[in-house]
Amino acid sequence: MAQPGFWEEAERAQLVVGKKKACFGVVEPIESMLKLIEDGRVLIELGADDPSAVEADLVETHRKINERLDQLEFQLMLGGEHDGMNAIVTLQPGAGGVDASDWAEMMLRMYVKWATKNDYVIEESDFQKAEEAGIKNATIVIRGPYAYGKLKAEQGVHRLVRISPFDGQGRRQTSFASVEVVPEFDDTINVEIRKEDLKVDTFRASGAGGQHVNKTESAIRLTHIPTGLVVACQAERSQHKNRETAMRMLKSKIYQLELSKREAELAKFYGDRGSISWGNQIRSYVLQPYQMCKDLRTDVETSDVHGVLDGKLDPFIEGYLKQKKDQAKK
């Protein structure tokens with residue numbers, strides 16, 4: 001990174017910076033814990049004659065060491081082949097009408113807040129606003145170390161129970177939205193897509209009126225006919241750049257789909273994930289008549305639903321990864 005001309009190739013430079021950040025994320029917690037252990041040893045030596053003088057500092061050092069150990073244990077759970085990659089997250093409303101569209105947008109906000117708290121970079125790839133409220137669908141790319149390894153815990157159908165703001169009679173409404181998460185592969189993966197298998201649509205990007213991005217058909221939608229996979233990108237003003245991004249996303253999804261044929265869990269997800277409705281949810285968010293958020297796979301739950309909707313997802317992610325780790329041991 002210190003070499004002259006490093007930043008002249010921006011895309012390559014960003015890849016190197018990403019790798020450096022990932023390596024630092026592994027090394028720093030270990031070095032930090034080793035320093036805390038050494039600090040503890042020094043405190044013990046200093047307190048040999050008068051233990052009470054260092055007792056408070058020792059207790060605090062012990063707490064910090066345990067905190068670092070928990071972080072390292074969590075990191076060890078992210079050992080999957082693609083866990084270190086960026087994540088492509090697609091949200092889509094299901095059963096529930098307008099409430100479901102609004103719920104999908106609430107979830108989009110939840111993941112953006114979670115990513116921001118984790119210092120990840122968020123890129124909006126596709127965003128289709130619903131007619132009355134909420135979204136028809138949205139795709140974001142979350143970039144940072146182990147983004148996919150963590151967010152794969154969110155893949156599935158999410159259920160919301162609340163008093164509907166769209167019901168004039170103030171009745172309780174149940175709505176559903178789905179989350180699809182795949183790793184973002186770079187151009188090194190070998191996925192061949194034939195031209196005749198690809199349907200390409202161009203359209204004007206959605207957004208505030210008057211922007212250049214809305215005056216030309218710069219947005220791209222790609223449909224892979226053999227698999228039915230659809231991706232769209234409208235993040236850039238250039239149709240060429242949007243096409244490049246969409247192709248990368250499509251290759252990632254096709255590659256993951258091929259992997260799913262050899263991995264029972266992903267095969268089930270893609271082949272028999274069911275409708276986005278009752279009976280298929282992985283997590284419930286209840287705002288009325290009581291407040292509770294519960295993961296139906298791990299039984300992790302909390303009454304702080306609003307905190308979860310503000311991005312406090314780590315307990316659910318950690319619970320899922322621990323469960324997978326225990327299942328692997330068996």
# chains A, B, ... in the order shown; residues from 1 in each chain; ligands from 1
$ residues_around --residues "stretch 95-103 of chain A" --least-positions-apart "4" --cutoff "12 Å" --atoms "only C-alpha atoms" --output "PDB file with N, CA, C and O atoms, in the first residue's frame"
ATOM      1  N   LEU A  91     -34.195  -8.157  -0.386  1.00  0.00           N
ATOM      2  CA  LEU A  91     -35.406  -8.191   0.428  1.00  0.00           C
ATOM      3  C   LEU A  91     -36.630  -8.107  -0.462  1.00  0.00           C
ATOM      4  O   LEU A  91     -36.656  -7.349  -1.433  1.00  0.00           O
ATOM      5  N   MET A 107     -37.163  -3.672   7.327  1.00  0.00           N
ATOM      6  CA  MET A 107     -36.046  -4.605   7.423  1.00  0.00           C
ATOM      7  C   MET A 107     -34.811  -4.071   6.703  1.00  0.00           C
ATOM      8  O   MET A 107     -33.685  -4.244   7.164  1.00  0.00           O
ATOM      9  N   LEU A 108     -35.035  -3.420   5.565  1.00  0.00           N
ATOM     10  CA  LEU A 108     -33.918  -2.806   4.845  1.00  0.00           C
ATOM     11  C   LEU A 108     -33.215  -1.793   5.747  1.00  0.00           C
ATOM     12  O   LEU A 108     -31.974  -1.779   5.840  1.00  0.00           O
ATOM     13  N   ARG A 109     -33.998  -0.978   6.425  1.00  0.00           N
ATOM     14  CA  ARG A 109     -33.439  -0.002   7.363  1.00  0.00           C
ATOM     15  C   ARG A 109     -32.680  -0.709   8.482  1.00  0.00           C
ATOM     16  O   ARG A 109     -31.612  -0.274   8.907  1.00  0.00           O
ATOM     17  N   MET A 110     -33.203  -1.841   8.974  1.00  0.00           N
ATOM     18  CA  MET A 110     -32.575  -2.604  10.048  1.00  0.00           C
ATOM     19  C   MET A 110     -31.180  -3.082   9.638  1.00  0.00           C
ATOM     20  O   MET A 110     -30.211  -2.958  10.398  1.00  0.00           O
ATOM     21  N   GLN A 128     -36.894  -0.762  -5.587  1.00  0.00           N
ATOM     22  CA  GLN A 128     -38.168  -0.554  -6.263  1.00  0.00           C
ATOM     23  C   GLN A 128     -39.225  -0.189  -5.224  1.00  0.00           C
ATOM     24  O   GLN A 128     -39.615  -1.008  -4.399  1.00  0.00           O
ATOM     25  N   LYS A 129     -39.662   1.057  -5.268  1.00  0.00           N
ATOM     26  CA  LYS A 129     -40.655   1.547  -4.318  1.00  0.00           C
ATOM     27  C   LYS A 129     -42.026   0.965  -4.646  1.00  0.00           C
ATOM     28  O   LYS A 129     -42.412   0.859  -5.811  1.00  0.00           O
ATOM     29  N   ALA A 130     -42.759   0.587  -3.604  1.00  0.00           N
ATOM     30  CA  ALA A 130     -44.138   0.122  -3.801  1.00  0.00           C
ATOM     31  C   ALA A 130     -45.051   1.321  -4.033  1.00  0.00           C
ATOM     32  O   ALA A 130     -44.717   2.452  -3.681  1.00  0.00           O
ATOM     33  N   GLU A 131     -46.227   1.074  -4.578  1.00  0.00           N
ATOM     34  CA  GLU A 131     -47.123   2.166  -4.956  1.00  0.00           C
ATOM     35  C   GLU A 131     -47.637   2.945  -3.756  1.00  0.00           C
ATOM     36  O   GLU A 131     -47.633   4.172  -3.746  1.00  0.00           O
ATOM     37  N   GLU A 132     -48.089   2.239  -2.711  1.00  0.00           N
ATOM     38  CA  GLU A 132     -48.696   2.932  -1.575  1.00  0.00           C
ATOM     39  C   GLU A 132     -47.692   3.226  -0.464  1.00  0.00           C
ATOM     40  O   GLU A 132     -47.635   4.335   0.064  1.00  0.00           O
ATOM     41  N   ALA A 133     -46.910   2.226  -0.102  1.00  0.00           N
ATOM     42  CA  ALA A 133     -45.912   2.393   0.961  1.00  0.00           C
ATOM     43  C   ALA A 133     -44.921   1.239   0.890  1.00  0.00           C
ATOM     44  O   ALA A 133     -45.239   0.170   0.369  1.00  0.00           O
ATOM     45  N   GLY A 134     -43.711   1.464   1.409  1.00  0.00           N
ATOM     46  CA  GLY A 134     -42.726   0.396   1.462  1.00  0.00           C
ATOM     47  C   GLY A 134     -42.064   0.133   0.120  1.00  0.00           C
ATOM     48  O   GLY A 134     -41.999   1.004  -0.748  1.00  0.00           O
ATOM     49  N   ILE A 135     -41.593  -1.112  -0.073  1.00  0.00           N
ATOM     50  CA  ILE A 135     -40.847  -1.453  -1.283  1.00  0.00           C
ATOM     51  C   ILE A 135     -41.389  -2.727  -1.937  1.00  0.00           C
ATOM     52  O   ILE A 135     -41.946  -3.590  -1.273  1.00  0.00           O
ATOM     53  N   LYS A 136     -41.196  -2.813  -3.252  1.00  0.00           N
ATOM     54  CA  LYS A 136     -41.500  -4.049  -3.970  1.00  0.00           C
ATOM     55  C   LYS A 136     -40.353  -5.040  -3.794  1.00  0.00           C
ATOM     56  O   LYS A 136     -40.554  -6.236  -3.628  1.00  0.00           O
ATOM     57  N   ASN A 137     -39.146  -4.524  -3.873  1.00  0.00           N
ATOM     58  CA  ASN A 137     -37.943  -5.308  -3.607  1.00  0.00           C
ATOM     59  C   ASN A 137     -36.758  -4.361  -3.511  1.00  0.00           C
ATOM     60  O   ASN A 137     -36.833  -3.210  -3.969  1.00  0.00           O
ATOM     61  N   ALA A 138     -35.683  -4.840  -2.925  1.00  0.00           N
ATOM     62  CA  ALA A 138     -34.473  -4.037  -2.804  1.00  0.00           C
ATOM     63  C   ALA A 138     -33.280  -4.970  -2.679  1.00  0.00           C
ATOM     64  O   ALA A 138     -33.383  -6.051  -2.094  1.00  0.00           O
ATOM     65  N   VAL A 157     -37.496 -16.249   5.902  1.00  0.00           N
ATOM     66  CA  VAL A 157     -38.714 -15.453   5.997  1.00  0.00           C
ATOM     67  C   VAL A 157     -38.842 -14.864   7.408  1.00  0.00           C
ATOM     68  O   VAL A 157     -38.659 -15.569   8.401  1.00  0.00           O
ATOM     69  N   HIS A 158     -39.148 -13.569   7.476  1.00  0.00           N
ATOM     70  CA  HIS A 158     -39.288 -12.855   8.749  1.00  0.00           C
ATOM     71  C   HIS A 158     -40.734 -12.384   8.898  1.00  0.00           C
ATOM     72  O   HIS A 158     -41.324 -11.847   7.950  1.00  0.00           O
ATOM     73  N   ARG A 159     -41.280 -12.552  10.103  1.00  0.00           N
ATOM     74  CA  ARG A 159     -42.711 -12.267  10.354  1.00  0.00           C
ATOM     75  C   ARG A 159     -42.863 -11.103  11.333  1.00  0.00           C
ATOM     76  O   ARG A 159     -42.189 -11.043  12.360  1.00  0.00           O
ATOM     77  N   LEU A 160     -43.750 -10.179  11.007  1.00  0.00           N
ATOM     78  CA  LEU A 160     -44.036  -9.020  11.858  1.00  0.00           C
ATOM     79  C   LEU A 160     -45.498  -9.032  12.283  1.00  0.00           C
ATOM     80  O   LEU A 160     -46.393  -9.238  11.460  1.00  0.00           O
ATOM     81  N   VAL A 161     -45.738  -8.795  13.579  1.00  0.00           N
ATOM     82  CA  VAL A 161     -47.098  -8.654  14.112  1.00  0.00           C
ATOM     83  C   VAL A 161     -47.197  -7.278  14.763  1.00  0.00           C
ATOM     84  O   VAL A 161     -46.421  -6.961  15.675  1.00  0.00           O
ATOM     85  N   ARG A 162     -48.153  -6.464  14.322  1.00  0.00           N
ATOM     86  CA  ARG A 162     -48.313  -5.108  14.871  1.00  0.00           C
ATOM     87  C   ARG A 162     -49.702  -4.582  14.563  1.00  0.00           C
ATOM     88  O   ARG A 162     -50.456  -5.182  13.778  1.00  0.00           O
ATOM     89  N   ILE A 163     -50.047  -3.456  15.183  1.00  0.00           N
ATOM     90  CA  ILE A 163     -51.255  -2.730  14.813  1.00  0.00           C
ATOM     91  C   ILE A 163     -50.951  -2.015  13.499  1.00  0.00           C
ATOM     92  O   ILE A 163     -50.038  -1.198  13.428  1.00  0.00           O
ATOM     93  N   SER A 164     -51.707  -2.329  12.462  1.00  0.00           N
ATOM     94  CA  SER A 164     -51.392  -1.808  11.139  1.00  0.00           C
ATOM     95  C   SER A 164     -51.632  -0.303  11.056  1.00  0.00           C
ATOM     96  O   SER A 164     -52.727   0.179  11.369  1.00  0.00           O
ATOM     97  N   PRO A 165     -50.622   0.464  10.621  1.00  0.00           N
ATOM     98  CA  PRO A 165     -50.836   1.908  10.422  1.00  0.00           C
ATOM     99  C   PRO A 165     -51.660   2.188   9.169  1.00  0.00           C
ATOM    100  O   PRO A 165     -52.037   3.329   8.915  1.00  0.00           O
ATOM    101  N   PHE A 166     -51.954   1.133   8.388  1.00  0.00           N
ATOM    102  CA  PHE A 166     -52.708   1.296   7.149  1.00  0.00           C
ATOM    103  C   PHE A 166     -54.148   0.796   7.281  1.00  0.00           C
ATOM    104  O   PHE A 166     -54.896   0.761   6.309  1.00  0.00           O
ATOM    105  N   ASP A 167     -54.523   0.400   8.505  1.00  0.00           N
ATOM    106  CA  ASP A 167     -55.876  -0.097   8.773  1.00  0.00           C
ATOM    107  C   ASP A 167     -56.629   0.953   9.572  1.00  0.00           C
ATOM    108  O   ASP A 167     -56.265   1.250  10.722  1.00  0.00           O
ATOM    109  N   ARG A 171     -56.658  -2.553  13.475  1.00  0.00           N
ATOM    110  CA  ARG A 171     -56.570  -3.985  13.767  1.00  0.00           C
ATOM    111  C   ARG A 171     -55.129  -4.487  13.687  1.00  0.00           C
ATOM    112  O   ARG A 171     -54.283  -3.887  13.039  1.00  0.00           O
ATOM    113  N   ARG A 172     -54.899  -5.592  14.368  1.00  0.00           N
ATOM    114  CA  ARG A 172     -53.577  -6.205  14.356  1.00  0.00           C
ATOM    115  C   ARG A 172     -53.374  -6.926  13.023  1.00  0.00           C
ATOM    116  O   ARG A 172     -54.269  -7.595  12.531  1.00  0.00           O
ATOM    117  N   GLN A 173     -52.181  -6.771  12.467  1.00  0.00           N
ATOM    118  CA  GLN A 173     -51.883  -7.337  11.150  1.00  0.00           C
ATOM    119  C   GLN A 173     -50.597  -8.154  11.211  1.00  0.00           C
ATOM    120  O   GLN A 173     -49.620  -7.769  11.863  1.00  0.00           O
ATOM    121  N   THR A 174     -50.589  -9.295  10.549  1.00  0.00           N
ATOM    122  CA  THR A 174     -49.381 -10.111  10.421  1.00  0.00           C
ATOM    123  C   THR A 174     -48.876 -10.010   8.991  1.00  0.00           C
ATOM    124  O   THR A 174     -49.645 -10.188   8.042  1.00  0.00           O
ATOM    125  N   SER A 175     -47.608  -9.695   8.838  1.00  0.00           N
ATOM    126  CA  SER A 175     -47.039  -9.559   7.500  1.00  0.00           C
ATOM    127  C   SER A 175     -45.685 -10.250   7.434  1.00  0.00           C
ATOM    128  O   SER A 175     -45.046 -10.504   8.464  1.00  0.00           O
ATOM    129  N   PHE A 176     -45.256 -10.542   6.208  1.00  0.00           N
ATOM    130  CA  PHE A 176     -44.039 -11.332   6.006  1.00  0.00           C
ATOM    131  C   PHE A 176     -43.148 -10.681   4.951  1.00  0.00           C
ATOM    132  O   PHE A 176     -43.621 -10.005   4.040  1.00  0.00           O
ATOM    133  N   ALA A 177     -41.841 -10.914   5.108  1.00  0.00           N
ATOM    134  CA  ALA A 177     -40.871 -10.483   4.098  1.00  0.00           C
ATOM    135  C   ALA A 177     -39.726 -11.489   4.098  1.00  0.00           C
ATOM    136  O   ALA A 177     -39.440 -12.107   5.126  1.00  0.00           O
ATOM    137  N   SER A 178     -39.111 -11.655   2.942  1.00  0.00           N
ATOM    138  CA  SER A 178     -38.016 -12.624   2.842  1.00  0.00           C
ATOM    139  C   SER A 178     -36.683 -11.923   2.649  1.00  0.00           C
ATOM    140  O   SER A 178     -36.604 -10.829   2.081  1.00  0.00           O
ATOM    141  N   VAL A 179     -35.641 -12.582   3.137  1.00  0.00           N
ATOM    142  CA  VAL A 179     -34.268 -12.099   2.982  1.00  0.00           C
ATOM    143  C   VAL A 179     -33.468 -13.187   2.284  1.00  0.00           C
ATOM    144  O   VAL A 179     -33.462 -14.337   2.723  1.00  0.00           O
ATOM    145  N   SER A 275     -43.437 -20.484   0.313  1.00  0.00           N
ATOM    146  CA  SER A 275     -43.917 -19.126   0.079  1.00  0.00           C
ATOM    147  C   SER A 275     -43.492 -18.224   1.223  1.00  0.00           C
ATOM    148  O   SER A 275     -43.136 -18.677   2.299  1.00  0.00           O
ATOM    149  N   ILE A 276     -43.551 -16.910   0.953  1.00  0.00           N
ATOM    150  CA  ILE A 276     -43.174 -15.932   1.977  1.00  0.00           C
ATOM    151  C   ILE A 276     -44.413 -15.667   2.827  1.00  0.00           C
ATOM    152  O   ILE A 276     -45.081 -14.639   2.704  1.00  0.00           O
ATOM    153  N   SER A 277     -44.741 -16.626   3.673  1.00  0.00           N
ATOM    154  CA  SER A 277     -45.982 -16.544   4.439  1.00  0.00           C
ATOM    155  C   SER A 277     -45.881 -17.395   5.692  1.00  0.00           C
ATOM    156  O   SER A 277     -44.810 -17.886   6.049  1.00  0.00           O
ATOM    157  N   TRP A 278     -47.025 -17.581   6.356  1.00  0.00           N
ATOM    158  CA  TRP A 278     -47.104 -18.299   7.621  1.00  0.00           C
ATOM    159  C   TRP A 278     -46.551 -19.722   7.479  1.00  0.00           C
ATOM    160  O   TRP A 278     -46.789 -20.418   6.516  1.00  0.00           O
ATOM    161  N   GLY A 279     -45.799 -20.145   8.497  1.00  0.00           N
ATOM    162  CA  GLY A 279     -45.277 -21.501   8.535  1.00  0.00           C
ATOM    163  C   GLY A 279     -43.871 -21.633   7.987  1.00  0.00           C
ATOM    164  O   GLY A 279     -43.239 -22.673   8.141  1.00  0.00           O
ATOM    165  N   ASN A 280     -43.352 -20.568   7.349  1.00  0.00           N
ATOM    166  CA  ASN A 280     -42.017 -20.629   6.774  1.00  0.00           C
ATOM    167  C   ASN A 280     -41.041 -19.651   7.437  1.00  0.00           C
ATOM    168  O   ASN A 280     -39.898 -19.546   7.021  1.00  0.00           O
ATOM    169  N   GLN A 281     -41.494 -18.936   8.467  1.00  0.00           N
ATOM    170  CA  GLN A 281     -40.667 -17.893   9.046  1.00  0.00           C
ATOM    171  C   GLN A 281     -39.541 -18.470   9.910  1.00  0.00           C
ATOM    172  O   GLN A 281     -39.677 -19.523  10.510  1.00  0.00           O
ATOM    173  N   TYR A 285     -41.224 -10.978  14.913  1.00  0.00           N
ATOM    174  CA  TYR A 285     -41.094  -9.673  15.566  1.00  0.00           C
ATOM    175  C   TYR A 285     -42.510  -9.261  15.981  1.00  0.00           C
ATOM    176  O   TYR A 285     -43.332  -8.932  15.119  1.00  0.00           O
ATOM    177  N   LEU A 309     -34.821  -3.746  15.631  1.00  0.00           N
ATOM    178  CA  LEU A 309     -35.144  -3.028  14.401  1.00  0.00           C
ATOM    179  C   LEU A 309     -34.180  -1.874  14.133  1.00  0.00           C
ATOM    180  O   LEU A 309     -34.096  -1.374  13.009  1.00  0.00           O
TER     181      LEU A 309
END
$ residues_around --residues "stretch 318-329 of chain A" --least-positions-apart "4" --cutoff "8 Å" --atoms "only C-alpha atoms" --output "JSON, numbers by chain"
{"A": [74, 77, 78, 153, 297, 298, 300, 314]}
$ write_last_selection --atoms "N, CA and C atoms" --output "short mmCIF file (atom, residue, chain, number, x, y, z; two decimals), in the first residue's frame"
data_model
loop_
_atom_site.label_atom_id
_atom_site.label_comp_id
_atom_site.auth_asym_id
_atom_site.auth_seq_id
_atom_site.Cartn_x
_atom_site.Cartn_y
_atom_site.Cartn_z
N PHE A 74 -16.36 -16.13 18.74
CA PHE A 74 -17.31 -15.77 17.69
C PHE A 74 -16.62 -15.78 16.32
N MET A 77 -16.19 -19.11 14.64
CA MET A 77 -17.40 -19.66 14.01
C MET A 77 -17.50 -19.26 12.54
N LEU A 78 -16.75 -18.23 12.15
CA LEU A 78 -16.82 -17.73 10.78
C LEU A 78 -15.72 -18.36 9.95
N ALA A 153 -26.98 -15.77 8.53
CA ALA A 153 -27.91 -16.14 9.60
C ALA A 153 -29.28 -15.51 9.39
N ARG A 297 -35.41 -20.80 15.17
CA ARG A 297 -34.41 -21.86 14.96
C ARG A 297 -33.57 -22.08 16.20
N THR A 298 -33.23 -20.99 16.88
CA THR A 298 -32.29 -21.06 18.00
C THR A 298 -32.92 -20.77 19.36
N VAL A 300 -33.35 -17.93 20.56
CA VAL A 300 -32.84 -16.65 21.08
C VAL A 300 -33.96 -15.64 21.00
N ASP A 314 -26.71 -8.85 16.52
CA ASP A 314 -25.60 -9.75 16.86
C ASP A 314 -25.99 -10.95 17.73
#
$ closest_residue --among "A:Ile88, A:Leu69, A:Ala10, A:Ile317" --to "A:Asp295" --atoms "only C-alpha atoms"
A:Ile317
$ select_by_dssp --residues "stretch 99-235 of chain A" --states "alpha helix (DSSP H)" --output "ChimeraX atom specification"
/A:99-117,147-151
$ write_last_selection --atoms "N, CA and C atoms" --output "short mmCIF file (atom, residue, chain, number, x, y, z; two decimals), in the first residue's frame"
data_model
loop_
_atom_site.label_atom_id
_atom_site.label_comp_id
_atom_site.auth_asym_id
_atom_site.auth_seq_id
_atom_site.Cartn_x
_atom_site.Cartn_y
_atom_site.Cartn_z
N ASP A 99 -48.84 -3.74 4.29
CA ASP A 99 -48.04 -3.92 5.51
C ASP A 99 -46.76 -4.70 5.22
N ALA A 100 -46.85 -5.68 4.32
CA ALA A 100 -45.67 -6.48 3.98
C ALA A 100 -44.64 -5.63 3.25
N SER A 101 -45.11 -4.77 2.35
CA SER A 101 -44.19 -3.87 1.64
C SER A 101 -43.50 -2.93 2.60
N ASP A 102 -44.27 -2.42 3.56
CA ASP A 102 -43.71 -1.53 4.58
C ASP A 102 -42.74 -2.29 5.47
N TRP A 103 -43.06 -3.53 5.80
CA TRP A 103 -42.20 -4.38 6.64
C TRP A 103 -40.87 -4.65 5.93
N ALA A 104 -40.91 -4.88 4.64
CA ALA A 104 -39.67 -5.11 3.88
C ALA A 104 -38.77 -3.88 3.94
N GLU A 105 -39.37 -2.69 3.87
CA GLU A 105 -38.57 -1.47 3.96
C GLU A 105 -38.02 -1.27 5.37
N MET A 106 -38.80 -1.63 6.39
CA MET A 106 -38.32 -1.57 7.77
C MET A 106 -37.10 -2.49 7.95
N MET A 107 -37.16 -3.67 7.33
CA MET A 107 -36.05 -4.60 7.42
C MET A 107 -34.81 -4.07 6.70
N LEU A 108 -35.04 -3.42 5.57
CA LEU A 108 -33.92 -2.81 4.84
C LEU A 108 -33.21 -1.79 5.75
N ARG A 109 -34.00 -0.98 6.43
CA ARG A 109 -33.44 0.00 7.36
C ARG A 109 -32.68 -0.71 8.48
N MET A 110 -33.20 -1.84 8.97
CA MET A 110 -32.58 -2.60 10.05
C MET A 110 -31.18 -3.08 9.64
N TYR A 111 -31.07 -3.62 8.42
CA TYR A 111 -29.78 -4.14 7.97
C TYR A 111 -28.79 -3.01 7.67
N VAL A 112 -29.28 -1.88 7.18
CA VAL A 112 -28.41 -0.73 6.95
C VAL A 112 -27.85 -0.23 8.28
N LYS A 113 -28.70 -0.17 9.31
CA LYS A 113 -28.24 0.28 10.62
C LYS A 113 -27.23 -0.71 11.21
N TRP A 114 -27.50 -2.02 11.07
CA TRP A 114 -26.56 -3.02 11.56
C TRP A 114 -25.21 -2.88 10.87
N ALA A 115 -25.23 -2.72 9.55
CA ALA A 115 -23.99 -2.59 8.79
C ALA A 115 -23.22 -1.34 9.18
N THR A 116 -23.94 -0.25 9.39
CA THR A 116 -23.30 1.00 9.79
C THR A 116 -22.60 0.85 11.14
N LYS A 117 -23.27 0.18 12.09
CA LYS A 117 -22.68 -0.03 13.41
C LYS A 117 -21.43 -0.90 13.34
N ALA A 147 -18.83 -10.18 6.20
CA ALA A 147 -20.22 -9.71 6.05
C ALA A 147 -21.14 -10.88 5.71
N TYR A 148 -20.73 -11.72 4.76
CA TYR A 148 -21.57 -12.85 4.39
C TYR A 148 -21.66 -13.88 5.52
N GLY A 149 -20.51 -14.15 6.17
CA GLY A 149 -20.50 -15.13 7.26
C GLY A 149 -21.48 -14.80 8.36
N LYS A 150 -21.67 -13.51 8.61
CA LYS A 150 -22.62 -13.10 9.65
C LYS A 150 -24.05 -13.03 9.11
N LEU A 151 -24.21 -12.42 7.96
CA LEU A 151 -25.57 -12.18 7.45
C LEU A 151 -26.25 -13.41 6.91
#
$ closest_residue --among "A:Ala232, A:Leu43, A:Met1, A:Val181" --to "A:Asp201" --atoms "only C-alpha atoms"
A:Ala232
$ closest_residue --among "A:Ala235, A:Val54, A:Leu198, A:Leu229" --to "A:Glu123" --atoms "only C-alpha atoms"
A:Ala235
$ select_by_dssp --residues "stretch 132-191 of chain A" --states "strand (DSSP E)" --output "MDAnalysis selection string"
chainID A and resid 135:143 156:163 172:183
$ atom_distance --atom1 "atom CA of A:Gly144" --atom2 "atom CA of A:Val121"
6.6 Å
$ residues_around --residues "stretch 238-254 of chain A" --least-positions-apart "2" --cutoff "6 Å" --atoms "only C-alpha atoms" --output "PyMOL selection string"
chain A and resi 184-185+218+220+232-233+236+256-257
$ residues_around --residues "A:Ile142" --least-positions-apart "4" --cutoff "6 Å" --atoms "only C-alpha atoms" --output "list in words"
Asn86, Ala87, Val121 and Ile122 of chain A
$ residues_around --residues "A:Pro145" --least-positions-apart "5" --cutoff "8 Å" --atoms "only C-alpha atoms" --output "ChimeraX atom specification"
/A:18,21-22,25,84-86
